[in-house]
$ cat coords_28.tsv   # TSV, C-alpha atoms
chain	number	residue	atom	x	y	z
A	254	MET	CA	8.77	6.75	3.17
A	255	GLN	CA	5.10	7.28	3.96
A	256	THR	CA	3.34	4.03	4.82
A	257	LEU	CA	-0.34	3.19	5.15
A	258	ILE	CA	-1.28	0.09	7.12
A	259	ILE	CA	-4.87	-0.82	6.35
A	260	TYR	CA	-6.39	-3.80	8.08
A	261	ALA	CA	-9.58	-5.58	9.05
A	262	SER	CA	-9.96	-7.25	12.43
A	263	LYS	CA	-12.93	-8.99	13.96
A	264	THR	CA	-11.49	-10.17	17.26
A	265	GLY	CA	-8.37	-8.03	17.54
A	266	THR	CA	-5.69	-10.41	16.31
A	267	THR	CA	-5.07	-8.66	12.98
A	268	ALA	CA	-5.19	-5.29	14.75
A	269	LYS	CA	-2.54	-6.52	17.19
A	270	CYS	CA	-0.27	-7.45	14.27
A	271	ALA	CA	-0.92	-4.15	12.48
A	272	ASN	CA	-0.06	-2.30	15.71
A	273	GLN	CA	3.25	-4.12	16.00
A	274	ILE	CA	4.17	-3.19	12.42
A	275	ASN	CA	3.05	0.41	13.01
A	276	ARG	CA	5.24	0.70	16.12
A	277	GLU	CA	8.31	-0.46	14.19
A	278	LEU	CA	7.96	1.71	11.09
A	279	LYS	CA	8.62	5.43	10.79
A	280	ASP	CA	6.04	7.63	9.06
A	281	SER	CA	3.32	5.02	9.12
A	282	LYS	CA	-0.39	5.48	9.59
A	283	MET	CA	-2.67	2.65	10.66
A	284	VAL	CA	-6.32	2.59	9.52
A	285	ASN	CA	-9.04	0.04	10.23
A	286	ILE	CA	-10.90	-0.71	6.99
A	287	LEU	CA	-14.12	0.28	8.81
A	288	ASN	CA	-12.75	3.85	9.05
A	289	TYR	CA	-11.12	3.91	5.64
A	290	ASN	CA	-11.35	7.20	3.74
A	291	GLU	CA	-7.74	7.64	2.61
A	292	ASN	CA	-6.33	8.59	-0.74
A	293	ILE	CA	-3.81	5.80	-1.12
A	294	SER	CA	-1.95	7.49	-3.95
A	295	LYS	CA	-0.07	9.71	-1.47
A	296	TYR	CA	1.58	6.72	0.21
A	297	ASP	CA	4.84	5.10	-0.88
A	298	LEU	CA	4.10	1.75	0.77
A	299	ILE	CA	0.73	0.17	1.51
A	300	ILE	CA	0.46	-2.75	3.92
A	301	ILE	CA	-2.81	-4.68	3.86
A	302	GLY	CA	-3.79	-7.10	6.61
A	303	SER	CA	-6.80	-9.36	6.93
A	304	PRO	CA	-8.03	-12.25	9.00
A	305	ILE	CA	-9.07	-15.44	7.24
A	306	ARG	CA	-12.56	-16.70	8.01
A	307	MET	CA	-13.62	-19.95	6.37
A	308	GLY	CA	-10.87	-19.55	3.78
A	309	LEU	CA	-11.78	-15.96	2.85
A	310	ILE	CA	-10.24	-12.58	3.52
A	311	ASP	CA	-12.44	-9.85	4.99
A	312	LYS	CA	-15.13	-8.64	2.53
A	313	LYS	CA	-14.21	-4.98	2.97
A	314	ILE	CA	-10.54	-5.72	2.31
A	315	LYS	CA	-11.51	-7.65	-0.82
A	316	LYS	CA	-13.61	-4.70	-2.00
A	317	PHE	CA	-10.73	-2.31	-1.23
A	318	LEU	CA	-8.38	-4.43	-3.35
A	319	LEU	CA	-10.77	-4.55	-6.28
A	320	ASN	CA	-11.64	-0.82	-6.10
A	321	ASN	CA	-7.97	0.21	-5.92
A	322	MET	CA	-6.44	-2.42	-8.17
A	323	GLU	CA	-4.77	-0.07	-10.66
A	324	THR	CA	-3.28	2.17	-7.96
A	325	LEU	CA	-2.06	-0.84	-5.98
A	326	LYS	CA	-0.32	-2.22	-9.07
A	327	SER	CA	1.75	0.96	-9.23
A	328	LYS	CA	2.68	1.01	-5.51
A	329	LYS	CA	4.91	-0.93	-3.17
A	330	VAL	CA	2.47	-3.24	-1.41
A	331	ALA	CA	2.84	-5.92	1.26
A	332	TYR	CA	0.14	-8.25	2.56
A	333	PHE	CA	-0.35	-10.22	5.74
A	334	ILE	CA	-3.05	-12.58	6.88
A	335	CYS	CA	-3.90	-13.97	10.26
A	336	CYS	CA	-5.16	-17.53	10.19
A	337	GLY	CA	-5.25	-20.56	12.43
A	338	PHE	CA	-4.46	-23.05	9.69
A	339	ILE	CA	-1.04	-21.81	8.65
A	340	GLU	CA	-0.41	-24.82	6.44
A	341	ASN	CA	-3.00	-23.36	4.01
A	342	TRP	CA	-1.69	-19.80	3.91
A	343	LYS	CA	-0.41	-19.80	0.31
A	344	ARG	CA	-3.70	-21.23	-0.95
A	345	TYR	CA	-5.59	-18.50	0.93
A	346	TYR	CA	-3.59	-15.87	-0.95
A	347	GLU	CA	-4.10	-17.56	-4.31
A	348	GLN	CA	-7.85	-17.82	-3.72
A	349	ASN	CA	-8.38	-14.31	-2.36
A	350	ILE	CA	-5.95	-11.83	-3.91
A	351	PRO	CA	-5.72	-11.25	-7.66
A	352	LYS	CA	-2.58	-12.81	-9.13
A	353	ASP	CA	-1.35	-9.57	-10.69
A	354	LEU	CA	-1.38	-7.92	-7.24
A	355	LEU	CA	0.41	-10.83	-5.59
A	356	ASP	CA	3.03	-10.95	-8.33
A	357	LYS	CA	3.95	-7.31	-7.62
A	358	ALA	CA	3.93	-7.62	-3.82
A	359	LEU	CA	7.09	-6.88	-1.86
A	360	ILE	CA	6.13	-9.70	0.48
A	361	TYR	CA	3.07	-11.62	1.59
A	362	ASP	CA	3.00	-13.86	4.60
A	363	THR	CA	0.95	-15.31	7.41
A	364	PHE	CA	1.31	-14.25	11.00
A	365	GLY	CA	-0.52	-17.28	12.37
A	366	GLY	CA	-3.53	-16.61	14.50
A	367	GLU	CA	-5.40	-16.91	17.74
A	368	MET	CA	-8.58	-18.79	18.44
A	369	ASN	CA	-10.28	-17.04	21.32
A	370	ILE	CA	-13.90	-18.20	21.59
A	371	GLN	CA	-14.71	-15.45	24.13
A	372	LYS	CA	-14.06	-12.78	21.49
A	373	GLN	CA	-16.35	-14.43	18.94
A	374	LYS	CA	-19.98	-13.47	18.41
A	375	GLY	CA	-23.01	-15.16	16.89
A	376	PHE	CA	-22.39	-17.59	14.05
A	377	ASP	CA	-18.62	-17.04	14.24
A	378	LYS	CA	-18.65	-18.25	17.84
A	379	PHE	CA	-20.56	-21.38	16.83
A	380	ILE	CA	-18.17	-22.12	13.94
A	381	THR	CA	-15.12	-21.52	16.14
A	382	LYS	CA	-16.43	-24.02	18.70
A	383	VAL	CA	-17.05	-26.63	16.00
A	384	VAL	CA	-13.66	-26.08	14.37
A	385	SER	CA	-11.79	-26.11	17.68
A	386	LYS	CA	-13.25	-29.55	18.50
A	387	ASN	CA	-11.85	-30.93	15.24
A	388	ILE	CA	-8.34	-29.50	15.62
A	389	ASP	CA	-5.54	-31.82	16.55
A	390	LYS	CA	-4.97	-31.17	20.26
A	391	ASN	CA	-1.21	-31.15	19.62
A	392	LYS	CA	-1.57	-28.32	17.11
A	393	GLU	CA	-1.03	-24.96	18.73
A	394	ILE	CA	-2.73	-21.98	17.13
A	395	LYS	CA	-0.62	-18.95	17.92
A	396	LEU	CA	0.79	-15.76	16.50
A	397	LEU	CA	4.09	-16.21	14.69
A	398	TYR	CA	6.09	-13.25	15.95
A	399	GLU	CA	9.15	-14.36	13.98
A	400	ASN	CA	7.09	-13.96	10.77
A	401	ILE	CA	6.07	-10.47	11.83
A	402	ASP	CA	9.70	-9.54	12.50
A	403	ARG	CA	10.82	-10.95	9.12
A	404	PHE	CA	7.97	-9.07	7.39
A	405	ILE	CA	9.04	-5.77	8.98
A	406	LYS	CA	12.69	-6.32	7.97
A	407	MET	CA	11.62	-7.01	4.37
A	408	ILE	CA	9.63	-3.77	4.06
A	409	ASP	CA	11.73	-1.45	6.24
A	410	TYR	CA	14.64	-0.85	3.92
$ encode --input "coords_28.tsv" --output "structure tokens"
Amino acid sequence: MQTLIIYASKTGTTAKCANQINRELKDSKMVNILNYNENISKYDLIIIGSPIRMGLIDKKIKKFLLNNMETLKSKKVAYFICCGFIENWKRYYEQNIPKDLLDKALIYDTFGGEMNIQKQKGFDKFITKVVSKNIDKNKEIKLLYENIDRFIKMIDY
């Protein structure tokens, strides 16, 4: 089964997750949305990953979804997001991905996130500092490797 993993990543967290999926799957190709020029119709499975910033998926991923909506409806598709506020992950999907795409998805999940201020730039760095001050100090923002493993098992059949 030919698989395309298309992702957006600002600080490397989503890329790290996409890499882990890519390593586990046979016949998969990983493409950063910034370098996207693929014909998705030749793939059997399409995996789409995006970070969440201020409740929104990456703009280029959103545009990709809208531009390829009809093709995606006819394909096996799985989605993952990386976010620090995992308690909101279902709402992020509902607000960002058209319902008819989500309804047809093999799986959609969150892989958690990382909050590394050193990797941030400009306004994102400022927002990350503000947000990190308001986070409960007992709340750990981390990648959920068990979710990644479950995701891979669900799509690698």
$ atom_distance --input "coords_28.tsv" --atom1 "CA of Arg344 (chain A)" --atom2 "CA of Phe404 (chain A)"
18.8 Å
$ closest_residue --input "coords_28.tsv" --among "A:Tyr289, A:Phe317, A:Tyr398, A:Tyr346" --to "Gly365 (chain A)" --atoms "only C-alpha atoms"
A:Tyr398
$ closest_residue --input "coords_28.tsv" --among "A:Ser262, A:Thr256, A:Thr267, A:Asn400" --to "Lys282 (chain A)" --atoms "all atoms listed in the file"
A:Thr256
$ residues_around --input "coords_28.tsv" --residues "Ser281 (chain A)" --least-positions-apart "4" --cutoff "10 Å" --atoms "all atoms listed in the file" --output "list in words"
Met254, Gln255, Thr256, Leu257, Ile258, Ile274, Asn275, Arg276, Glu277, Tyr296, Leu298, Ile299 and Ile300 of chain A
$ residues_around --input "coords_28.tsv" --residues "Gly302 (chain A)" --least-positions-apart "6" --cutoff "10 Å" --atoms "only C-alpha atoms" --output "PyMOL selection string"
chain A and resi 258-262+267-268+270-271+285-286+310-311+314+331-335+361-364
$ atom_distance --input "coords_28.tsv" --atom1 "CA of Asn321 (chain A)" --atom2 "CA of Tyr345 (chain A)"
20.1 Å
$ closest_residue --input "coords_28.tsv" --among "A:Asp353, A:Asp280, A:Glu291, A:Glu399" --to "Met322 (chain A)" --atoms "all atoms listed in the file"
A:Asp353
$ atom_distance --input "coords_28.tsv" --atom1 "CA of Leu359 (chain A)" --atom2 "CA of Lys329 (chain A)"
6.5 Å
$ residues_near_point --input "coords_28.tsv" --point "(-4.7, -9.7, -12.4)" --cutoff "12 Å" --atoms "only C-alpha atoms" --output "list in words"
Leu318, Leu319, Met322, Glu323, Leu325, Lys326, Glu347, Asn349, Ile350, Pro351, Lys352, Asp353, Leu354, Leu355, Asp356 and Lys357 of chain A
$ closest_residue --input "coords_28.tsv" --among "A:Ile401, A:Thr324, A:Ile339, A:Ala358" --to "Ser294 (chain A)" --atoms "all atoms listed in the file"
A:Thr324
$ closest_residue --input "coords_28.tsv" --among "A:Lys263, A:Lys269, A:Lys395, A:Lys406" --to "Arg306 (chain A)" --atoms "only C-alpha atoms"
A:Lys263
$ build_atoms --input "coords_28.tsv" --residues "region 293-304 of chain A" --atoms "all heavy atoms" --output "PDB file, in the frame of the given file"
ATOM      1  N   ILE A 293      -5.018   6.626  -1.224  1.00  0.00           N
ATOM      2  CA  ILE A 293      -3.810   5.800  -1.120  1.00  0.00           C
ATOM      3  C   ILE A 293      -2.689   6.241  -2.051  1.00  0.00           C
ATOM      4  O   ILE A 293      -1.556   5.832  -1.865  1.00  0.00           O
ATOM      5  CB  ILE A 293      -4.127   4.303  -1.317  1.00  0.00           C
ATOM      6  CG1 ILE A 293      -4.632   4.022  -2.722  1.00  0.00           C
ATOM      7  CG2 ILE A 293      -5.085   3.816  -0.254  1.00  0.00           C
ATOM      8  CD1 ILE A 293      -4.739   2.553  -3.052  1.00  0.00           C
ATOM      9  N   SER A 294      -2.993   7.075  -3.001  1.00  0.00           N
ATOM     10  CA  SER A 294      -1.950   7.490  -3.950  1.00  0.00           C
ATOM     11  C   SER A 294      -0.844   8.309  -3.295  1.00  0.00           C
ATOM     12  O   SER A 294       0.267   8.382  -3.816  1.00  0.00           O
ATOM     13  CB  SER A 294      -2.562   8.253  -5.123  1.00  0.00           C
ATOM     14  OG  SER A 294      -3.177   9.429  -4.680  1.00  0.00           O
ATOM     15  N   LYS A 295      -1.104   8.900  -2.131  1.00  0.00           N
ATOM     16  CA  LYS A 295      -0.070   9.710  -1.470  1.00  0.00           C
ATOM     17  C   LYS A 295       0.925   8.884  -0.663  1.00  0.00           C
ATOM     18  O   LYS A 295       1.896   9.415  -0.156  1.00  0.00           O
ATOM     19  CB  LYS A 295      -0.718  10.772  -0.590  1.00  0.00           C
ATOM     20  CG  LYS A 295      -1.445  10.237   0.623  1.00  0.00           C
ATOM     21  CD  LYS A 295      -2.075  11.370   1.434  1.00  0.00           C
ATOM     22  CE  LYS A 295      -2.755  10.858   2.674  1.00  0.00           C
ATOM     23  NZ  LYS A 295      -3.368  11.924   3.449  1.00  0.00           N
ATOM     24  N   TYR A 296       0.697   7.578  -0.573  1.00  0.00           N
ATOM     25  CA  TYR A 296       1.580   6.720   0.210  1.00  0.00           C
ATOM     26  C   TYR A 296       2.582   5.992  -0.681  1.00  0.00           C
ATOM     27  O   TYR A 296       2.264   5.600  -1.799  1.00  0.00           O
ATOM     28  CB  TYR A 296       0.766   5.701   1.017  1.00  0.00           C
ATOM     29  CG  TYR A 296      -0.043   6.356   2.097  1.00  0.00           C
ATOM     30  CD1 TYR A 296      -1.366   6.715   1.880  1.00  0.00           C
ATOM     31  CD2 TYR A 296       0.528   6.661   3.327  1.00  0.00           C
ATOM     32  CE1 TYR A 296      -2.107   7.353   2.862  1.00  0.00           C
ATOM     33  CE2 TYR A 296      -0.207   7.298   4.316  1.00  0.00           C
ATOM     34  CZ  TYR A 296      -1.517   7.639   4.083  1.00  0.00           C
ATOM     35  OH  TYR A 296      -2.235   8.272   5.047  1.00  0.00           O
ATOM     36  N   ASP A 297       3.789   5.814  -0.158  1.00  0.00           N
ATOM     37  CA  ASP A 297       4.840   5.100  -0.880  1.00  0.00           C
ATOM     38  C   ASP A 297       4.690   3.582  -0.726  1.00  0.00           C
ATOM     39  O   ASP A 297       5.010   2.830  -1.634  1.00  0.00           O
ATOM     40  CB  ASP A 297       6.222   5.503  -0.358  1.00  0.00           C
ATOM     41  CG  ASP A 297       6.430   6.998  -0.454  1.00  0.00           C
ATOM     42  OD1 ASP A 297       6.312   7.533  -1.572  1.00  0.00           O
ATOM     43  OD2 ASP A 297       6.697   7.632   0.585  1.00  0.00           O
ATOM     44  N   LEU A 298       4.245   3.174   0.457  1.00  0.00           N
ATOM     45  CA  LEU A 298       4.100   1.750   0.770  1.00  0.00           C
ATOM     46  C   LEU A 298       2.717   1.542   1.389  1.00  0.00           C
ATOM     47  O   LEU A 298       2.306   2.317   2.262  1.00  0.00           O
ATOM     48  CB  LEU A 298       5.192   1.302   1.745  1.00  0.00           C
ATOM     49  CG  LEU A 298       5.058  -0.081   2.372  1.00  0.00           C
ATOM     50  CD1 LEU A 298       5.134  -1.184   1.313  1.00  0.00           C
ATOM     51  CD2 LEU A 298       6.151  -0.285   3.420  1.00  0.00           C
ATOM     52  N   ILE A 299       2.044   0.506   0.962  1.00  0.00           N
ATOM     53  CA  ILE A 299       0.730   0.170   1.510  1.00  0.00           C
ATOM     54  C   ILE A 299       0.806  -1.268   2.021  1.00  0.00           C
ATOM     55  O   ILE A 299       1.174  -2.183   1.275  1.00  0.00           O
ATOM     56  CB  ILE A 299      -0.381   0.313   0.454  1.00  0.00           C
ATOM     57  CG1 ILE A 299      -0.414   1.759  -0.046  1.00  0.00           C
ATOM     58  CG2 ILE A 299      -1.735  -0.097   1.034  1.00  0.00           C
ATOM     59  CD1 ILE A 299      -1.168   1.976  -1.314  1.00  0.00           C
ATOM     60  N   ILE A 300       0.487  -1.432   3.287  1.00  0.00           N
ATOM     61  CA  ILE A 300       0.460  -2.750   3.920  1.00  0.00           C
ATOM     62  C   ILE A 300      -0.998  -3.089   4.180  1.00  0.00           C
ATOM     63  O   ILE A 300      -1.731  -2.286   4.768  1.00  0.00           O
ATOM     64  CB  ILE A 300       1.264  -2.746   5.239  1.00  0.00           C
ATOM     65  CG1 ILE A 300       2.719  -2.362   4.958  1.00  0.00           C
ATOM     66  CG2 ILE A 300       1.157  -4.094   5.938  1.00  0.00           C
ATOM     67  CD1 ILE A 300       3.531  -2.077   6.201  1.00  0.00           C
ATOM     68  N   ILE A 301      -1.406  -4.272   3.749  1.00  0.00           N
ATOM     69  CA  ILE A 301      -2.810  -4.680   3.860  1.00  0.00           C
ATOM     70  C   ILE A 301      -2.874  -5.969   4.663  1.00  0.00           C
ATOM     71  O   ILE A 301      -2.216  -6.957   4.319  1.00  0.00           O
ATOM     72  CB  ILE A 301      -3.429  -4.868   2.465  1.00  0.00           C
ATOM     73  CG1 ILE A 301      -3.315  -3.559   1.676  1.00  0.00           C
ATOM     74  CG2 ILE A 301      -4.870  -5.331   2.579  1.00  0.00           C
ATOM     75  CD1 ILE A 301      -3.627  -3.682   0.205  1.00  0.00           C
ATOM     76  N   GLY A 302      -3.660  -5.936   5.745  1.00  0.00           N
ATOM     77  CA  GLY A 302      -3.790  -7.100   6.610  1.00  0.00           C
ATOM     78  C   GLY A 302      -5.237  -7.530   6.773  1.00  0.00           C
ATOM     79  O   GLY A 302      -6.129  -6.693   6.881  1.00  0.00           O
ATOM     80  N   SER A 303      -5.440  -8.836   6.791  1.00  0.00           N
ATOM     81  CA  SER A 303      -6.800  -9.360   6.930  1.00  0.00           C
ATOM     82  C   SER A 303      -6.792 -10.679   7.693  1.00  0.00           C
ATOM     83  O   SER A 303      -5.861 -11.473   7.549  1.00  0.00           O
ATOM     84  CB  SER A 303      -7.412  -9.613   5.537  1.00  0.00           C
ATOM     85  OG  SER A 303      -8.698 -10.177   5.644  1.00  0.00           O
ATOM     86  N   PRO A 304      -7.846 -10.904   8.451  1.00  0.00           N
ATOM     87  CA  PRO A 304      -8.030 -12.250   9.000  1.00  0.00           C
ATOM     88  C   PRO A 304      -8.568 -13.163   7.891  1.00  0.00           C
ATOM     89  O   PRO A 304      -9.082 -12.691   6.880  1.00  0.00           O
ATOM     90  CB  PRO A 304      -9.081 -12.041  10.097  1.00  0.00           C
ATOM     91  CG  PRO A 304      -9.890 -10.879   9.620  1.00  0.00           C
ATOM     92  CD  PRO A 304      -8.917  -9.995   8.877  1.00  0.00           C
TER      93      PRO A 304
END
